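The structure under discussion appears below in the form of structure tokens.
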Amino acid sequence: MEWDWEFVREIMPTLLDGLRITLLATLLGSMLAAAAGLGFALLRRSKSRAVARTTGFVVEFIRGTPLLVQLYFLFYVLPELGVLLSPLTAGVVGLGLHYATYTSEVFRAGIDNTPRGQWEAAKACNLTPYQTWRHIILPQAIPPMIPALANYFVAMFKETPLLSAITVIELMSEARSVANSNYRYLEPMTLVGVLFLCISLIAVPALHLLERRFRPTR
Amino acid sequence: MADWAGYMGLMLDGALVTAKLTVLGCALALPAAFLAGLGRLSRFSAVRALSVAYIEFFRGTSIFVQLFWAYFVLPLMGVTLTPLQAGVLALGLNVGAYGAEVVRSAVQSIGREQHEACVALNLTRWQSLRHVLLPQAAVVMVPTFCNNAIELLKATSVVSLISLSDLTFQAQVVRSQTGSTAMPFLTVLVIYFAYASLISFGMKTLERRMTRGLDGLRT
Amino acid sequence: MTDTIIDIDCVTKRYGSHTVLKDLCFSVRPGEKLALIGPSGSGKTTILRTLMTLETIEGGTIRIDGENLFQMERNGRLVPADEAHLHRMRTKIGMVFQLFNLFPHKCVLDNITLAPMLTKGVKKADAERRAMELLDLVGLADKARAMPAQLSGGQKQRVAIARALALQPRIMLFDEVTSALDPELVEEVLSVMRMLGSTTDMTMLLVTHEMSFAHDFADRVLFFDRGRIVEEGPPDVLFTNPSHERTQTFLKKIIAAGQRI
Ligand SMILES: Nc1ncnc2c1ncn2[C@@H]1O[C@H](COP(=O)(O)OP(=O)(O)OP(=O)(O)O)[C@@H](O)[C@H]1O
Ligand SMILES: [Mg+2]
């Protein structure tokens, strides 16, 4: 089969439209993953053992099962419980929660790496637990984590094609629909690959930059 | 809930397909990881370049894209694969690329003094790798390989989208035939989780056996 | 040619712009026991590592048994040595490291038998018999199945010596083999070396900060400073009556630090 540039020109705008949704989903998913991951990490450190253990199990469970099935679950089961989410929202929630289980490990390690002396100093300054977290621990713990977090966001980007399975019209589903309607798979599938590779390759130096910028100084 | 047993049977069939995919995928990923990981450390720049190209390509594009490419585009080039073959190929090569980095960094983590002891004992490069460096590096690799195997297990669900009747596919079948949603998806999630737990249990056991005797406290 | 086993001729070694060995020349007779002493950073380790081919040199030549270590002849021209040449040259040399460098994943016996089996094709049973003899020699026959992590530093170092001996090298290099040990473990290693020195005709090069041991053990002592040999001679002369001022200062410092010479 010959590569057809004319066809490429024809489908490119559609694919780029899809790419926009892909990037949007990644962005929103990353924000949710960061917030929920921090939440998981804090809950796992809870003084109540029941809370800590339940969170631990939930995190393990989400991380041990496929994102695709989780997306189906959100997409098909939640409406029956009366929670109606748009496909994109369901997708973002799925991506965000799934990757939160990874980012929570990053947060946990980062928090554990904060020297003991900082906690004791905060206590000596008579700060409340909330003030300690807000002003002492997190501002120190988060910057060194940023490269590892960014790594997971790139990984999440590569999993966004799964959203096509719950009818989100992102890059992959655009490609499949133009492929199906034109009976040509070569160009759409290859272009999707190329677009992913391009963005991943851009991400590599960006990650290095982050690593240099936020390298722990301790 | 008319034919509950029948539907359960369907899902168990799917569970078998998923297990098969995971095992075959790992069977391909493991040699790929060692070839490419050691290739990156080769003395020959051509071998290094080839390994880097493989690793970056498969890590840079999504597993999903690779699977679709293997299934829809390779036939256009005269290579027709069954969904199972396409699945194993894409999963194995994708996870192999991640594994290659694990192999490389594990080998590099072995201290310089071990290399030097090998030189002083006049071992060849291959002998040093085979008898001294890899056995020590393997201990470092196992925990990360465990995570890689679980990632591979999770990624197998994607093959349902090229109509391979794995666990995820069967969940969809049951959903569309019964109209029930929570039951099939929850069942399937639990089975995946059981598989993942099995993998981590196996790897932990392996790790314990491999590290036995390595530190003086445990004998 | 026959009366030297090691010939070091005008050897220069640099790390970047830092010259560590400057036009270094000395030779060693077969069976000679040579002690290399000198202040930290003077290049003693570097010369041993170079002989073991762990480092390359920027100038000069090293001959072992009359054969060029880092170069070989091909079509009548000298070319850099290839792996096969280095492999052949290394069969003549063994080395014991400051930090033992045992293989942590192999038991004591396997540490010793590995190289003879792989590099010389010795059969397992023969390699193990020989290894047990060597373990007996260093007083560790009961530790054959122990893992390195279960041994004390002195025991580890004695295993490392047995491991190097198993290849029956003609030249043995010892780089500060006792300086990583607790003081009470030093003697057990030194006594093994003393025994080796008096019972074998191996050529031995020894870098050490144990001056009294160097005094008893060596036939000849080389005093290094800043990549050069400042002074050399029999231990009785060099230790008791050094002619060079830098040697005197060095020995004074050693005595001030509490060592006997
Ligand atoms: N890998 C290296 N890169 C750069 N410089 C090095 C390296 N190894 C050694 N050097 C330098 O070479 C010089 C000689 O080092 P060497 O280890 O031979 O000294 P030494 O006489 O063995 O000292 P010591 O008694 O402390 O062991 C030192 O100045 C050291 O800093
Ligand atoms: Mg030294």
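Chains: A, B, ... in order of the structure tokens. Residues: from 1 per chain. Ligands: from 1, in order shown.
For ligand 1, the neighbouring polymer residues at 8 Å or closer are C:Arg14, C:Tyr15, C:Gly16, C:His18, C:Thr19, C:Val20, C:Leu21, C:Ile37, C:Gly38, C:Pro39, C:Ser40, C:Gly41, C:Ser42, C:Gly43, C:Lys44, C:Thr45, C:Thr46, C:Ile47, C:Asp175, C:Glu176, C:Val207, C:Thr208, C:His209, C:Phe224, C:Arg226, C:Gly227, only C-alpha atoms and all ligand atoms being used.
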Distance limit 12 Å, atoms considered: only C-alpha atoms. Which chain B residues sit that close to chain C? Return them as number ranges by chain.
B: 110-128, 130-139, 209-219
Can you work out which residues from chain A touch chain B at a cut-off of 9 Å (counting only C-alpha atoms) and hand them back as a ChimeraX atom specification?
/A:1,60-70,72-73,76-78,80,155,157-162,165,172,185-187,189-190,192-201
Enumerate, as a PyMOL selection string, the complete set of residues in segment 100-202 of chain A that a backbone-based DSSP assignment places in alpha helix (DSSP H).
chain A and resi 100-112+116-124+129-131+138-159+171-182+186-202
Would you mind exporting C-alpha atoms of the selected residues as a JSON list (two decimals), in the first residue's frame?
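Dumped everything to selection-v2.json:
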[["chain", "number", "residue", "atom", "x", "y", "z"],
["A", 100, "ALA", "CA", -3.47, 9.42, 41.60],
["A", 101, "THR", "CA", -2.49, 5.99, 42.87],
["A", 102, "TYR", "CA", 0.92, 6.50, 41.28],
["A", 103, "THR", "CA", 1.37, 10.11, 42.32],
["A", 104, "SER", "CA", 0.37, 9.24, 45.89],
["A", 105, "GLU", "CA", 3.56, 7.14, 46.09],
["A", 106, "VAL", "CA", 5.57, 10.14, 44.94],
["A", 107, "PHE", "CA", 3.93, 12.34, 47.56],
["A", 108, "ARG", "CA", 4.44, 9.74, 50.23],
["A", 109, "ALA", "CA", 8.15, 9.39, 49.48],
["A", 110, "GLY", "CA", 8.55, 13.15, 49.28],
["A", 111, "ILE", "CA", 6.83, 13.71, 52.61],
["A", 112, "ASP", "CA", 8.82, 10.92, 54.26],
["A", 116, "ARG", "CA", 12.40, 15.03, 61.20],
["A", 117, "GLY", "CA", 13.86, 18.26, 62.46],
["A", 118, "GLN", "CA", 11.35, 20.23, 60.38],
["A", 119, "TRP", "CA", 8.41, 18.65, 62.19],
["A", 120, "GLU", "CA", 10.03, 19.28, 65.51],
["A", 121, "ALA", "CA", 10.86, 22.86, 64.62],
["A", 122, "ALA", "CA", 7.24, 23.43, 63.57],
["A", 123, "LYS", "CA", 6.08, 22.04, 66.88],
["A", 124, "ALA", "CA", 8.56, 24.24, 68.71],
["A", 129, "PRO", "CA", -0.92, 20.55, 62.23],
["A", 130, "TYR", "CA", -2.64, 22.33, 59.36],
["A", 131, "GLN", "CA", -0.15, 25.22, 59.51],
["A", 138, "LEU", "CA", 4.48, 20.73, 51.66],
["A", 139, "PRO", "CA", 6.45, 23.75, 50.39],
["A", 140, "GLN", "CA", 9.64, 21.78, 51.00],
["A", 141, "ALA", "CA", 8.40, 18.39, 49.90],
["A", 142, "ILE", "CA", 6.68, 19.29, 46.64],
["A", 143, "PRO", "CA", 9.36, 20.88, 44.44],
["A", 144, "PRO", "CA", 11.66, 17.84, 44.46],
["A", 145, "MET", "CA", 8.68, 15.70, 43.46],
["A", 146, "ILE", "CA", 7.80, 17.69, 40.39],
["A", 147, "PRO", "CA", 9.95, 15.74, 37.92],
["A", 148, "ALA", "CA", 8.54, 12.39, 39.08],
["A", 149, "LEU", "CA", 5.01, 13.77, 38.89],
["A", 150, "ALA", "CA", 5.62, 15.11, 35.40],
["A", 151, "ASN", "CA", 6.84, 11.68, 34.38],
["A", 152, "TYR", "CA", 3.49, 10.21, 35.33],
["A", 153, "PHE", "CA", 1.64, 12.95, 33.47],
["A", 154, "VAL", "CA", 3.52, 11.97, 30.33],
["A", 155, "ALA", "CA", 2.61, 8.34, 30.97],
["A", 156, "MET", "CA", -1.01, 9.40, 31.37],
["A", 157, "PHE", "CA", -0.87, 11.23, 28.05],
["A", 158, "LYS", "CA", 0.06, 7.94, 26.39],
["A", 159, "GLU", "CA", -2.97, 6.24, 27.90],
["A", 171, "LEU", "CA", -7.11, 11.71, 18.68],
["A", 172, "MET", "CA", -7.46, 7.93, 18.52],
["A", 173, "SER", "CA", -11.19, 7.88, 17.90],
["A", 174, "GLU", "CA", -10.89, 10.54, 15.21],
["A", 175, "ALA", "CA", -8.23, 8.42, 13.58],
["A", 176, "ARG", "CA", -10.32, 5.28, 13.79],
["A", 177, "SER", "CA", -13.38, 6.98, 12.39],
["A", 178, "VAL", "CA", -11.55, 8.48, 9.41],
["A", 179, "ALA", "CA", -9.82, 5.15, 8.88],
["A", 180, "ASN", "CA", -13.09, 3.25, 8.94],
["A", 181, "SER", "CA", -14.94, 5.63, 6.67],
["A", 182, "ASN", "CA", -12.13, 5.73, 4.09],
["A", 186, "LEU", "CA", -1.99, 3.19, 7.11],
["A", 187, "GLU", "CA", -1.99, 6.97, 7.29],
["A", 188, "PRO", "CA", -4.31, 7.59, 10.26],
["A", 189, "MET", "CA", -2.66, 4.98, 12.50],
["A", 190, "THR", "CA", 0.84, 6.02, 11.53],
["A", 191, "LEU", "CA", 0.03, 9.69, 12.05],
["A", 192, "VAL", "CA", -1.37, 8.98, 15.49],
["A", 193, "GLY", "CA", 1.89, 7.23, 16.29],
["A", 194, "VAL", "CA", 3.92, 10.11, 14.93],
["A", 195, "LEU", "CA", 1.93, 12.69, 16.88],
["A", 196, "PHE", "CA", 2.40, 10.73, 20.08],
["A", 197, "LEU", "CA", 6.09, 10.30, 19.41],
["A", 198, "CYS", "CA", 6.47, 14.03, 18.69],
["A", 199, "ILE", "CA", 4.85, 15.07, 21.94],
["A", 200, "SER", "CA", 6.78, 12.45, 23.91],
["A", 201, "LEU", "CA", 10.01, 13.64, 22.34],
["A", 202, "ILE", "CA", 9.18, 17.23, 23.25]]
Hey, what's within 8 Å of Val168 of chain A if we count only C-alpha atoms and toss same-chain stuff fewer than 4 positions away? As a list in words, please?
Pro87, Leu88, Gly91, Leu163, Ser164 and Ser173 of chain A
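Non-sequential neighbours of Arg260 of chain C (distance at most 7 Å, separation of 2 or more positions within a chain, only C-alpha atoms) are Ser212, Ile255 and Gly258 of chain C.
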